[in-house]
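*Asks:* Pasting model-v9.cif here (mmCIF, C-alpha atoms):
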```cif
data_model
loop_
_atom_site.label_atom_id
_atom_site.label_comp_id
_atom_site.auth_asym_id
_atom_site.auth_seq_id
_atom_site.Cartn_x
_atom_site.Cartn_y
_atom_site.Cartn_z
CA MET A 18 72.62 51.14 40.81
CA ASN A 19 70.25 49.23 43.08
CA ALA A 20 71.31 48.72 46.66
CA ALA A 21 71.55 45.20 48.03
CA PRO A 22 68.44 44.05 49.96
CA SER A 23 68.70 44.76 53.65
CA PRO A 24 68.31 42.13 56.39
CA THR A 25 65.04 43.90 57.32
CA SER A 26 63.70 43.30 53.81
CA LEU A 27 64.73 39.63 54.05
CA ARG A 28 62.92 39.20 57.39
CA ARG A 29 59.80 40.92 56.04
CA SER A 30 59.63 38.69 52.95
CA ARG A 31 60.18 35.60 55.13
CA ARG A 32 57.30 36.63 57.38
CA ILE A 33 55.02 37.18 54.41
CA ALA A 34 55.86 33.72 52.98
CA LEU A 35 55.39 32.07 56.39
CA ALA A 36 52.13 33.95 56.99
CA LEU A 37 50.76 32.74 53.66
CA LEU A 38 51.74 29.14 54.47
CA LEU A 39 50.12 29.37 57.92
CA ALA A 40 47.02 30.95 56.37
CA ALA A 41 46.79 28.10 53.85
CA THR A 42 47.19 25.57 56.68
CA LEU A 43 44.44 27.20 58.79
CA LEU A 44 42.19 27.38 55.74
CA PHE A 45 42.80 23.70 55.04
CA LEU A 46 42.02 22.76 58.67
CA PHE A 47 38.88 24.87 58.64
CA SER A 48 37.74 23.34 55.35
CA ALA A 49 38.44 19.85 56.66
CA TRP A 50 36.46 20.66 59.82
CA ARG A 51 33.57 21.68 57.57
CA GLY A 52 33.78 18.35 55.81
CA MET A 53 35.21 19.54 52.52
CA GLN A 54 31.65 19.97 51.25
CA GLY A 55 30.16 22.63 49.08
CA PRO A 56 32.26 25.79 48.95
CA TYR A 57 34.63 24.29 51.52
CA ALA A 58 35.65 21.68 48.93
CA TRP A 59 36.98 24.55 46.84
CA THR A 60 38.75 26.26 49.73
CA GLY A 61 40.14 22.92 50.85
CA ALA A 62 41.52 22.16 47.39
CA PHE A 63 43.09 25.61 47.25
CA ALA A 64 44.57 25.33 50.74
CA GLU A 65 45.88 21.80 50.25
CA ALA A 66 47.69 22.61 47.00
CA ALA A 67 48.93 25.92 48.47
CA MET A 68 50.46 24.06 51.43
CA VAL A 69 52.17 21.59 49.12
CA GLY A 70 53.49 24.35 46.83
CA GLY A 71 54.62 26.52 49.75
CA LEU A 72 56.37 23.65 51.57
CA ALA A 73 58.05 22.42 48.40
CA ASP A 74 59.38 25.88 47.57
CA TRP A 75 60.39 26.44 51.21
CA PHE A 76 62.43 23.23 51.01
CA ALA A 77 64.00 24.31 47.71
CA VAL A 78 64.96 27.76 48.99
CA VAL A 79 66.32 26.54 52.32
CA ALA A 80 68.22 23.69 50.67
CA LEU A 81 70.30 26.27 48.78
CA PHE A 82 71.78 27.63 52.01
CA ARG A 83 71.51 24.93 54.69
CA HIS A 84 70.05 21.55 55.64
CA PRO A 85 66.26 21.91 56.10
CA LEU A 86 65.38 21.45 59.80
CA GLY A 87 69.05 20.59 60.37
CA LEU A 88 68.60 17.16 58.74
CA PRO A 89 71.53 16.04 56.53
CA ILE A 90 69.30 15.34 53.56
CA PRO A 91 71.31 14.59 50.39
CA HIS A 92 71.70 17.43 47.90
CA THR A 93 70.86 20.14 50.44
CA ALA A 94 73.06 22.98 51.78
CA ILE A 95 74.15 23.29 48.18
CA LEU A 96 76.04 26.59 48.33
CA PRO A 97 78.15 25.78 51.43
CA ARG A 98 78.86 22.30 50.16
CA GLN A 99 79.84 23.53 46.69
CA ARG A 100 81.73 26.60 47.92
CA GLU A 101 85.07 25.46 46.52
CA ARG A 102 83.66 24.75 43.08
CA LEU A 103 81.64 27.98 43.20
CA SER A 104 84.75 30.06 43.98
CA ARG A 105 86.68 28.55 41.09
CA ARG A 106 83.86 28.90 38.61
CA LEU A 107 83.19 32.48 39.67
CA ALA A 108 86.89 33.38 39.41
CA THR A 109 87.17 31.69 36.01
CA PHE A 110 84.02 33.47 34.78
CA ILE A 111 85.31 36.89 35.84
CA ARG A 112 88.71 36.21 34.27
CA SER A 113 87.34 34.93 30.97
CA GLN A 114 84.48 37.43 30.57
CA PHE A 115 85.80 40.66 32.10
CA LEU A 116 89.60 40.40 32.07
CA GLN A 117 90.45 39.22 28.58
CA THR A 118 93.77 40.72 27.54
CA GLU A 119 92.65 42.29 24.26
CA ALA A 120 89.44 43.58 25.83
CA LEU A 121 91.45 45.35 28.53
CA VAL A 122 93.90 46.74 25.95
CA GLN A 123 91.09 48.00 23.72
CA MET A 124 89.34 49.60 26.69
CA LEU A 125 92.59 51.36 27.64
CA ALA A 126 93.14 52.45 24.03
CA ARG A 127 89.66 54.01 23.87
CA GLN A 128 90.52 56.17 26.87
CA ASN A 129 93.51 57.83 25.09
CA PRO A 130 95.51 57.68 28.32
CA ALA A 131 98.21 60.18 27.33
CA ALA A 132 95.68 62.85 26.35
CA GLY A 133 93.66 62.09 29.47
CA LEU A 134 96.78 62.46 31.61
CA ALA A 135 97.53 65.81 29.98
CA ARG A 136 94.00 67.07 30.68
CA TRP A 137 94.21 65.86 34.27
CA LEU A 138 97.59 67.48 34.87
CA HIS A 139 96.40 70.82 33.49
CA SER A 140 94.47 71.34 36.70
CA PRO A 141 96.69 72.97 39.38
CA ARG A 142 94.70 71.14 42.04
CA HIS A 143 95.50 67.79 40.43
CA ARG A 144 99.20 68.64 40.11
CA HIS A 145 99.39 69.62 43.77
CA LEU A 146 97.46 66.51 44.75
CA LEU A 147 99.81 64.19 42.84
CA ALA A 148 102.86 66.04 44.18
CA GLN A 149 101.54 65.68 47.72
CA GLN A 150 101.02 61.93 47.25
CA LEU A 151 104.55 61.51 45.91
CA LEU A 152 105.97 63.52 48.79
CA SER A 153 103.94 61.47 51.27
CA LEU A 154 105.51 58.30 49.88
CA LEU A 155 108.94 59.91 50.18
CA GLN A 156 108.18 61.02 53.74
CA ARG A 157 107.19 57.47 54.71
CA GLY A 158 110.44 56.24 53.20
CA LEU A 159 112.38 58.83 55.22
CA ASP A 160 110.54 57.82 58.38
CA MET A 161 111.43 54.19 57.78
CA GLY A 162 115.02 55.10 56.99
CA SER A 163 115.33 56.97 60.30
CA VAL A 164 114.87 53.72 62.23
CA GLU A 165 118.38 52.61 63.14
CA PRO A 166 117.87 48.83 62.65
CA PHE A 167 116.55 49.49 59.16
CA ARG A 168 119.42 51.86 58.36
CA SER A 169 121.99 49.37 59.64
CA ALA A 170 120.45 46.54 57.62
CA LEU A 171 120.28 48.72 54.49
CA ARG A 172 123.87 49.92 54.96
CA GLY A 173 125.11 46.37 55.43
CA SER A 174 123.17 45.08 52.42
CA ILE A 175 124.43 47.85 50.12
CA GLY A 176 127.97 47.36 51.41
CA ARG A 177 127.88 43.64 50.69
CA GLN A 178 126.50 44.24 47.22
CA LEU A 179 129.24 46.76 46.44
CA GLN A 180 131.92 44.46 47.88
CA ASN A 181 130.73 41.62 45.65
CA LEU A 182 130.35 43.80 42.57
CA ASP A 183 132.83 42.78 39.88
CA LEU A 184 133.65 46.34 38.91
CA GLY A 185 136.33 45.61 36.25
CA PRO A 186 134.14 43.93 33.60
CA TRP A 187 131.35 46.38 34.37
CA LEU A 188 133.64 49.34 33.71
CA GLY A 189 134.89 47.66 30.54
CA LYS A 190 131.34 47.23 29.22
CA LEU A 191 130.55 50.81 30.18
CA MET A 192 133.56 52.01 28.19
CA GLN A 193 132.45 49.93 25.20
CA MET A 194 129.01 51.53 25.41
CA LEU A 195 130.54 55.01 25.59
CA THR A 196 132.82 54.30 22.63
CA ALA A 197 130.14 52.78 20.41
CA ARG A 198 129.75 54.68 17.13
CA GLY A 199 132.72 56.92 17.96
CA ARG A 200 131.17 58.61 20.98
CA HIS A 201 134.58 58.66 22.69
CA GLN A 202 135.90 60.71 19.77
CA GLU A 203 133.08 63.20 20.34
CA LEU A 204 134.13 63.36 23.99
CA LEU A 205 137.74 63.92 22.88
CA ASP A 206 136.66 66.77 20.56
CA GLU A 207 134.68 68.37 23.37
CA GLY A 208 137.64 68.02 25.71
CA ILE A 209 139.94 69.63 23.12
CA HIS A 210 137.57 72.57 22.67
CA GLN A 211 137.29 73.06 26.42
CA LEU A 212 141.07 72.90 26.83
CA GLN A 213 141.60 75.42 24.01
CA ASP A 214 139.09 77.77 25.59
CA TRP A 215 140.81 77.41 28.96
CA LEU A 216 144.28 78.07 27.51
CA SER A 217 143.00 81.20 25.72
CA ARG A 218 142.17 82.91 29.01
CA THR A 219 144.58 85.66 30.04
CA SER A 220 144.45 84.60 33.69
CA VAL A 221 145.54 81.08 32.76
CA GLN A 222 148.43 82.37 30.68
CA GLU A 223 149.52 84.65 33.54
CA GLN A 224 149.50 81.72 35.94
CA LEU A 225 151.42 79.60 33.45
CA ALA A 226 154.05 82.36 33.07
CA GLU A 227 154.44 82.57 36.84
CA GLN A 228 154.85 78.81 37.07
CA ILE A 229 157.53 78.86 34.31
CA GLU A 230 159.42 81.66 36.06
CA THR A 231 159.29 79.82 39.41
CA LEU A 232 160.37 76.57 37.76
CA LEU A 233 163.37 78.20 36.05
CA GLU A 234 164.44 79.93 39.26
CA ARG A 235 164.31 76.69 41.23
CA ALA A 236 165.74 74.31 38.64
CA TYR A 237 168.43 76.53 37.15
CA PRO A 238 169.29 79.23 39.69
CA THR A 239 172.68 80.10 38.10
CA LEU A 240 171.23 80.31 34.59
CA PHE A 241 168.24 82.26 35.87
CA SER A 242 170.52 84.73 37.64
CA TRP A 243 172.62 85.21 34.49
CA LEU A 244 169.49 85.62 32.33
CA GLY A 245 168.16 88.13 34.82
CA SER A 246 171.17 90.34 34.09
CA VAL A 247 170.52 90.15 30.35
CA VAL A 248 166.69 90.13 29.95
CA ASP A 249 163.69 90.67 32.17
CA PRO A 250 162.78 87.19 33.64
CA SER A 251 159.13 88.15 33.66
CA SER A 252 159.19 89.00 29.94
CA LEU A 253 161.02 85.76 29.23
CA SER A 254 158.52 83.64 31.13
CA HIS A 255 155.60 85.42 29.43
CA ASN A 256 157.15 84.79 26.03
CA LEU A 257 157.70 81.15 26.89
CA SER A 258 154.08 80.92 28.14
CA ARG A 259 152.68 82.46 24.95
CA ASN A 260 154.81 80.18 22.78
CA LEU A 261 153.81 77.15 24.79
CA VAL A 262 150.12 78.06 24.56
CA ARG A 263 150.47 78.69 20.81
CA ALA A 264 152.17 75.32 20.31
CA LEU A 265 149.47 73.56 22.33
CA HIS A 266 146.74 75.37 20.34
CA GLU A 267 148.28 74.26 17.08
CA LEU A 268 148.59 70.67 18.26
CA LEU A 269 145.02 70.60 19.58
CA THR A 270 143.71 72.13 16.35
CA GLU A 271 145.54 69.53 14.27
CA ILE A 272 144.04 66.75 16.39
CA SER A 273 140.58 68.34 16.23
CA VAL A 274 140.42 68.71 12.42
CA ASP A 275 142.21 65.50 11.43
CA PRO A 276 140.23 62.32 12.06
CA GLU A 277 143.35 60.29 11.24
CA HIS A 278 145.77 62.23 13.45
CA PRO A 279 148.26 59.90 15.20
CA ARG A 280 147.29 61.26 18.65
CA ARG A 281 143.61 60.64 17.92
CA LEU A 282 144.35 57.12 16.67
CA ALA A 283 146.52 56.51 19.73
CA PHE A 284 143.65 57.66 21.97
CA ASP A 285 141.26 55.36 20.11
CA ALA A 286 143.63 52.40 20.52
CA TRP A 287 144.15 53.17 24.21
CA VAL A 288 140.41 53.25 24.87
CA GLY A 289 139.90 49.95 23.05
CA ARG A 290 142.78 48.25 24.89
CA THR A 291 141.59 49.55 28.25
CA ALA A 292 138.02 48.35 27.68
CA MET A 293 139.25 44.88 26.69
CA ARG A 294 141.73 44.62 29.57
CA LEU A 295 139.08 45.63 32.07
CA GLN A 296 136.94 42.75 30.86
CA GLN A 297 139.60 40.11 30.22
CA ASP A 298 142.77 40.85 32.18
CA PRO A 299 142.61 39.02 35.55
CA ASP A 300 145.45 41.14 36.95
CA TRP A 301 143.61 44.38 36.25
CA GLN A 302 140.39 42.94 37.65
CA ALA A 303 142.18 41.78 40.80
CA ASP A 304 143.76 45.22 41.25
CA ILE A 305 140.40 46.94 40.83
CA GLN A 306 138.78 44.60 43.34
CA ARG A 307 141.54 45.31 45.87
CA TRP A 308 141.09 49.08 45.43
CA GLN A 309 137.36 48.65 45.60
CA LYS A 310 137.43 46.67 48.87
CA ARG A 311 140.06 48.97 50.36
CA ILE A 312 137.94 52.04 49.66
CA LEU A 313 134.69 50.44 50.85
CA SER A 314 136.29 49.27 54.08
CA ASP A 315 138.07 52.53 54.84
CA PRO A 316 136.49 54.05 58.00
CA ALA A 317 137.11 57.58 56.73
CA VAL A 318 135.28 56.84 53.47
CA LEU A 319 132.38 55.18 55.30
CA SER A 320 132.15 58.07 57.73
CA TYR A 321 132.17 60.57 54.87
CA VAL A 322 129.43 58.71 53.00
CA ASP A 323 127.34 58.42 56.19
CA ALA A 324 127.70 62.16 56.75
CA ILE A 325 126.59 62.94 53.20
CA VAL A 326 123.59 60.62 53.48
CA ALA A 327 122.65 62.08 56.89
CA ASP A 328 122.87 65.64 55.53
CA LEU A 329 120.72 64.68 52.54
CA TRP A 330 118.25 62.94 54.86
CA HIS A 331 117.94 66.00 57.10
CA TRP A 332 117.64 68.35 54.16
CA LEU A 333 114.84 66.29 52.64
CA GLY A 334 113.05 66.04 55.98
CA ASP A 335 113.28 69.81 56.58
CA ASP A 336 112.17 70.58 53.05
CA LEU A 337 109.19 68.21 53.22
CA ALA A 338 108.11 69.76 56.52
CA SER A 339 108.27 73.28 55.10
CA PRO A 340 105.06 74.85 53.73
CA ASN A 341 107.22 76.34 50.96
CA SER A 342 108.92 73.08 50.04
CA ARG A 343 111.27 73.53 47.11
CA LEU A 344 110.89 69.87 46.23
CA ARG A 345 107.11 70.25 46.06
CA ARG A 346 107.42 73.30 43.82
CA ALA A 347 109.86 71.44 41.59
CA ILE A 348 107.53 68.44 41.27
CA VAL A 349 104.50 70.63 40.56
CA GLY A 350 106.47 72.56 37.94
CA PHE A 351 107.71 69.37 36.33
CA LEU A 352 104.16 67.95 36.19
CA GLY A 353 103.02 71.14 34.49
CA GLN A 354 105.83 70.78 31.96
CA VAL A 355 104.79 67.16 31.35
CA ALA A 356 101.24 68.36 30.62
CA HIS A 357 102.62 70.94 28.16
CA TRP A 358 104.80 68.34 26.42
CA LEU A 359 101.87 65.94 26.08
CA ASP A 360 99.67 68.72 24.72
CA THR A 361 102.11 69.98 22.13
CA GLN A 362 103.96 66.82 21.06
CA SER A 363 101.76 64.26 19.33
CA SER A 364 104.72 61.91 18.92
CA LEU A 365 105.19 61.87 22.71
CA ARG A 366 101.50 61.10 23.23
CA ALA A 367 101.67 58.29 20.69
CA ALA A 368 104.82 56.87 22.29
CA LEU A 369 103.29 56.98 25.80
CA ASP A 370 100.04 55.39 24.59
CA ALA A 371 101.99 52.63 22.84
CA TYR A 372 104.09 52.02 25.94
CA LEU A 373 101.03 51.82 28.19
CA LEU A 374 99.22 49.47 25.80
CA ASP A 375 102.25 47.19 25.50
CA SER A 376 102.64 47.23 29.28
CA ALA A 377 98.97 46.36 29.76
CA ARG A 378 99.26 43.55 27.24
CA SER A 379 102.32 42.08 28.97
CA LEU A 380 101.01 42.56 32.52
CA ALA A 381 97.44 41.37 31.87
CA PRO A 382 98.14 37.60 32.22
CA ALA A 383 99.81 38.10 35.60
CA VAL A 384 97.00 40.38 36.79
CA GLN A 385 94.39 37.89 35.60
CA GLU A 386 96.08 35.00 37.37
CA ASN A 387 96.61 36.93 40.61
CA LEU A 388 93.05 38.25 40.66
CA GLN A 389 91.65 34.80 39.96
CA GLN A 390 93.66 33.30 42.80
CA HIS A 391 92.65 36.18 45.07
CA ILE A 392 88.94 35.57 44.41
CA ILE A 393 89.36 31.84 45.07
CA ALA A 394 91.36 32.38 48.25
CA THR A 395 88.94 35.03 49.55
CA ILE A 396 85.85 32.87 49.05
CA ASP A 397 87.58 29.79 50.44
CA ALA A 398 88.64 31.75 53.53
CA TRP A 399 85.12 32.89 54.37
CA PRO A 400 83.51 31.11 57.31
CA THR A 401 80.55 29.15 56.00
CA ALA A 402 78.08 31.01 58.21
CA ASP A 403 79.33 34.38 56.96
CA MET A 404 79.12 33.27 53.32
CA VAL A 405 75.56 31.96 53.79
CA ARG A 406 74.50 35.15 55.54
CA LEU A 407 76.05 37.31 52.81
CA LEU A 408 74.32 35.38 50.03
CA GLU A 409 71.00 35.36 51.86
CA ASP A 410 71.23 39.10 52.46
CA GLY A 411 71.93 39.56 48.76
CA ILE A 412 69.35 37.31 47.11
CA GLY A 413 67.35 35.81 49.99
CA SER A 414 64.50 38.33 49.86
CA ASP A 415 63.95 37.59 46.17
CA LEU A 416 64.02 33.86 46.85
CA GLN A 417 61.28 34.26 49.49
CA TYR A 418 58.98 35.39 46.70
CA ILE A 419 59.45 31.93 45.21
CA ARG A 420 57.80 30.62 48.39
CA ILE A 421 55.07 33.25 48.16
CA ASN A 422 54.43 32.52 44.49
CA GLY A 423 54.60 28.78 45.13
CA THR A 424 51.92 29.07 47.79
CA LEU A 425 49.60 31.20 45.66
CA VAL A 426 50.24 29.39 42.38
CA GLY A 427 49.90 26.04 44.13
CA GLY A 428 46.55 27.10 45.53
CA CYS A 429 45.35 28.20 42.10
CA VAL A 430 46.49 24.91 40.58
CA GLY A 431 44.60 23.08 43.34
CA VAL A 432 41.40 24.96 42.48
CA LEU A 433 41.95 24.23 38.78
CA ILE A 434 42.43 20.52 39.47
CA HIS A 435 39.31 20.45 41.67
CA ALA A 436 37.30 22.25 38.98
CA THR A 437 38.50 19.76 36.37
CA ALA A 438 37.54 16.86 38.64
CA VAL A 439 34.08 18.34 39.23
CA LEU A 440 33.54 18.76 35.50
CA VAL A 441 34.76 15.25 34.76
CA MET A 442 32.74 13.67 37.58
CA GLY A 443 29.69 15.73 36.66
CA GLY A 444 29.84 14.38 33.13
CA ILE A 445 29.68 10.75 34.27
CA PRO A 446 26.14 9.23 33.90
#
```
If you convert what's in this file into structure tokens, what do you get?
*Replies:*
Amino acid sequence: MNAAPSPTSLRRSRRIALALLLAATLLFLFSAWRGMQGPYAWTGAFAEAAMVGGLADWFAVVALFRHPLGLPIPHTAILPRQRERLSRRLATFIRSQFLQTEALVQMLARQNPAAGLARWLHSPRHRHLLAQQLLSLLQRGLDMGSVEPFRSALRGSIGRQLQNLDLGPWLGKLMQMLTARGRHQELLDEGIHQLQDWLSRTSVQEQLAEQIETLLERAYPTLFSWLGSVVDPSSLSHNLSRNLVRALHELLTEISVDPEHPRRLAFDAWVGRTAMRLQQDPDWQADIQRWQKRILSDPAVLSYVDAIVADLWHWLGDDLASPNSRLRRAIVGFLGQVAHWLDTQSSLRAALDAYLLDSARSLAPAVQENLQQHIIATIDAWPTADMVRLLEDGIGSDLQYIRINGTLVGGCVGVLIHATAVLVMGGIP
């Protein structure tokens, strides 16, 4: 890639063009002093045409950037005067030729981004680099969050949002989502299995027997005393516990295996009614809002939440400052797992590629518009002198060769015209 011409190169080419013009002027004056006779007629013709060509091209080059000699001649200082139109045409050209949506999408597709990401993440250095960048962003967020005005504003904003949140309908919709396609029945089955497992534990049955014995002694002391003289209270409570557990097991098993069991249907109806009431019953919604505001305004709750957030904040800060950060190790390990998934699961690669291509297709118009406006705003914001200097530094040295060529070509044309005139005049009787 060629570097842009330097200001030194521009000054050198200007001096060469000016030197040629001065040389042509001196040659013309010398030829005129010698009467434009003999060989001096030829040098005079060359010098005269060279001066005309050099001056004309000097005017053309200068008129691009400024008014020649500072005179407001019409159609000069073209680039500064047409800066606004230039910025819009340049921005439109870049948008239409380099940022077409399908061209960008096809370019991204050729890169196979998911496979490229997997290759990049396979390098431990890259994984540590990405983890460090993510942790640096988190650290800057923690630093900002440690500023008390920011924390107070954030706390107040979150509190207002939670106070204004209509929690009843939201909970109702959440329940509908959880119950779609019988998911709540799956949760019920899982709960039944967990409860059966819990009841099967010997320690639970022992505790249940103790609770039964204590309950009988407190509720029916006379009966318990009489039973104590007949049977062992401990044996009685253990028998009652085993029978109770057996009865509960049987009931739970019946509910588990029978999709039409009355208790299961009752649970299904209760869930449906609750979801609807949460969304439609104004009394329920008002009660929930009262509980919600009472909890959110309770100083003890706010103090507890602040303490949890502060502890989390300090833990994150200490972990990020540690050379053996657990969070860093977790991120690096997760990135390695992502690389493995992308390597071994073609469906995941295809899904990620499709997502990135769809995202690029949907984001491209906004990027094109923003970049176009950025180019226009940037060029419009340049001071005219800076824009002229930048353009001259970029293409000015090449334009000076127009002056050089104009001087030399003009001189050659002058000699050709003089030679033609000599031939024509020499042919006249």
*Asks:* Do you have, as JSON lines, the list of residues of range 411-446 of chain A lying at most 12 Å from range 25-33 of chain A, each with its nearest atom pair and that distance in Å to one decimal, counting only C-alpha atoms and ordered by chain then number?
*Replies:*
```
{"residue": "A:Gly411", "atom": "CA", "partner": "A:Leu27", "partner_atom": "CA", "distance": 8.9}
{"residue": "A:Ile412", "atom": "CA", "partner": "A:Leu27", "partner_atom": "CA", "distance": 8.7}
{"residue": "A:Gly413", "atom": "CA", "partner": "A:Leu27", "partner_atom": "CA", "distance": 6.2}
{"residue": "A:Ser414", "atom": "CA", "partner": "A:Leu27", "partner_atom": "CA", "distance": 4.4}
{"residue": "A:Asp415", "atom": "CA", "partner": "A:Ser30", "partner_atom": "CA", "distance": 8.1}
{"residue": "A:Leu416", "atom": "CA", "partner": "A:Ser30", "partner_atom": "CA", "distance": 8.9}
{"residue": "A:Gln417", "atom": "CA", "partner": "A:Ser30", "partner_atom": "CA", "distance": 5.9}
{"residue": "A:Tyr418", "atom": "CA", "partner": "A:Ser30", "partner_atom": "CA", "distance": 7.1}
{"residue": "A:Ile419", "atom": "CA", "partner": "A:Ser30", "partner_atom": "CA", "distance": 10.3}
{"residue": "A:Arg420", "atom": "CA", "partner": "A:Arg31", "partner_atom": "CA", "distance": 8.7}
{"residue": "A:Ile421", "atom": "CA", "partner": "A:Ile33", "partner_atom": "CA", "distance": 7.4}
{"residue": "A:Asn422", "atom": "CA", "partner": "A:Ile33", "partner_atom": "CA", "distance": 11.0}
{"residue": "A:Thr424", "atom": "CA", "partner": "A:Ile33", "partner_atom": "CA", "distance": 10.9}
{"residue": "A:Leu425", "atom": "CA", "partner": "A:Ile33", "partner_atom": "CA", "distance": 11.9}
```
*Asks:* Which neighbours of Leu88 in chain A fall inside 12 Å, counting all atoms listed in the file, when residues of the same chain fewer than 6 positions from it are skipped, and could you give them as a list in words?
*Replies:*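 In the requested format, the answer is Phe76, Val79, Ala80 and Ala94 of chain A.
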*Asks:* Run the PyMOL selection byres ((chain A and resi 159) around 12) on the file and write out the hits as an MDAnalysis selection string.
*Replies:* chainID A and resid 152:158 160:165 167:168 326:327 329:338
*Asks:* For the interface of range 72-143 of chain A with range 366-386 of chain A (cut-off 9 Å, counting all atoms listed in the file), please tabulate each contacting residue of range 72-143 of chain A alongside its nearest pair of atoms and their separation in Å to one decimal, rows sorted by chain and increasing number, as JSON lines.
*Replies:*
```
{"residue": "A:Arg112", "atom": "CA", "partner": "A:Gln385", "partner_atom": "CA", "distance": 6.1}
{"residue": "A:Ser113", "atom": "CA", "partner": "A:Gln385", "partner_atom": "CA", "distance": 8.9}
{"residue": "A:Leu116", "atom": "CA", "partner": "A:Gln385", "partner_atom": "CA", "distance": 6.5}
{"residue": "A:Gln117", "atom": "CA", "partner": "A:Ala381", "partner_atom": "CA", "distance": 8.0}
{"residue": "A:Thr118", "atom": "CA", "partner": "A:Ala381", "partner_atom": "CA", "distance": 5.7}
{"residue": "A:Glu119", "atom": "CA", "partner": "A:Arg378", "partner_atom": "CA", "distance": 7.4}
{"residue": "A:Leu121", "atom": "CA", "partner": "A:Ala377", "partner_atom": "CA", "distance": 7.7}
{"residue": "A:Val122", "atom": "CA", "partner": "A:Leu374", "partner_atom": "CA", "distance": 6.0}
{"residue": "A:Gln123", "atom": "CA", "partner": "A:Leu374", "partner_atom": "CA", "distance": 8.5}
{"residue": "A:Leu125", "atom": "CA", "partner": "A:Leu374", "partner_atom": "CA", "distance": 7.1}
{"residue": "A:Ala126", "atom": "CA", "partner": "A:Leu374", "partner_atom": "CA", "distance": 7.0}
{"residue": "A:Asn129", "atom": "CA", "partner": "A:Asp370", "partner_atom": "CA", "distance": 7.0}
{"residue": "A:Pro130", "atom": "CA", "partner": "A:Asp370", "partner_atom": "CA", "distance": 6.3}
{"residue": "A:Ala131", "atom": "CA", "partner": "A:Arg366", "partner_atom": "CA", "distance": 5.3}
{"residue": "A:Ala132", "atom": "CA", "partner": "A:Arg366", "partner_atom": "CA", "distance": 6.8}
```
*Asks:* Mind giving me the straight-line distance from CA of Ala303 in chain A to CA of Met192 in chain A in Å, one decimal?
*Replies:*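 Between these atoms lies a distance of 18.4 Å.
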*Asks:* What is the distance between CA of Glu277 in chain A and CA of Gln297 in chain A, in Å to one decimal?
*Replies:* 28.0 Å
*Asks:* I would like the residues chosen by the PyMOL selection byres ((chain A and resi 427) around 10) on the shown file; could you give them as a PDB file with C-alpha atoms, in the frame of the given file?
*Replies:*
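out.pdb was written with the following content:
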```
ATOM      1  CA  ALA A  62      41.520  22.160  47.390  1.00  0.00           C
ATOM      2  CA  PHE A  63      43.090  25.610  47.250  1.00  0.00           C
ATOM      3  CA  ALA A  64      44.570  25.330  50.740  1.00  0.00           C
ATOM      4  CA  GLU A  65      45.880  21.800  50.250  1.00  0.00           C
ATOM      5  CA  ALA A  66      47.690  22.610  47.000  1.00  0.00           C
ATOM      6  CA  ALA A  67      48.930  25.920  48.470  1.00  0.00           C
ATOM      7  CA  MET A  68      50.460  24.060  51.430  1.00  0.00           C
ATOM      8  CA  VAL A  69      52.170  21.590  49.120  1.00  0.00           C
ATOM      9  CA  GLY A  70      53.490  24.350  46.830  1.00  0.00           C
ATOM     10  CA  GLY A  71      54.620  26.520  49.750  1.00  0.00           C
ATOM     11  CA  ALA A  73      58.050  22.420  48.400  1.00  0.00           C
ATOM     12  CA  ILE A 421      55.070  33.250  48.160  1.00  0.00           C
ATOM     13  CA  ASN A 422      54.430  32.520  44.490  1.00  0.00           C
ATOM     14  CA  GLY A 423      54.600  28.780  45.130  1.00  0.00           C
ATOM     15  CA  THR A 424      51.920  29.070  47.790  1.00  0.00           C
ATOM     16  CA  LEU A 425      49.600  31.200  45.660  1.00  0.00           C
ATOM     17  CA  VAL A 426      50.240  29.390  42.380  1.00  0.00           C
ATOM     18  CA  GLY A 428      46.550  27.100  45.530  1.00  0.00           C
ATOM     19  CA  CYS A 429      45.350  28.200  42.100  1.00  0.00           C
ATOM     20  CA  VAL A 430      46.490  24.910  40.580  1.00  0.00           C
ATOM     21  CA  GLY A 431      44.600  23.080  43.340  1.00  0.00           C
ATOM     22  CA  VAL A 432      41.400  24.960  42.480  1.00  0.00           C
ATOM     23  CA  LEU A 433      41.950  24.230  38.780  1.00  0.00           C
TER      24      LEU A 433
END
```
*Asks:* Could you state the separation of CA of Met194 in chain A and CA of Gly208 in chain A in Å, given to one decimal place?
*Replies:*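 These atoms are spaced 18.6 Å apart.
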*Asks:* Kindly indicate which residue among A:Val262, A:Ala394, A:Leu216, A:Leu204 lies nearest to Arg281 in chain A, using only C-alpha atoms for the distances.
*Replies:*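 Closest to Arg281 in chain A, using only C-alpha atoms: A:Leu204.
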*Asks:* So, counting all atoms listed in the file, which residue among A:Arg290, A:His357, A:His210, A:His84 is closest to Ile272 in chain A?
*Replies:*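 For Ile272 in chain A, the nearest of the given residues is A:His210.
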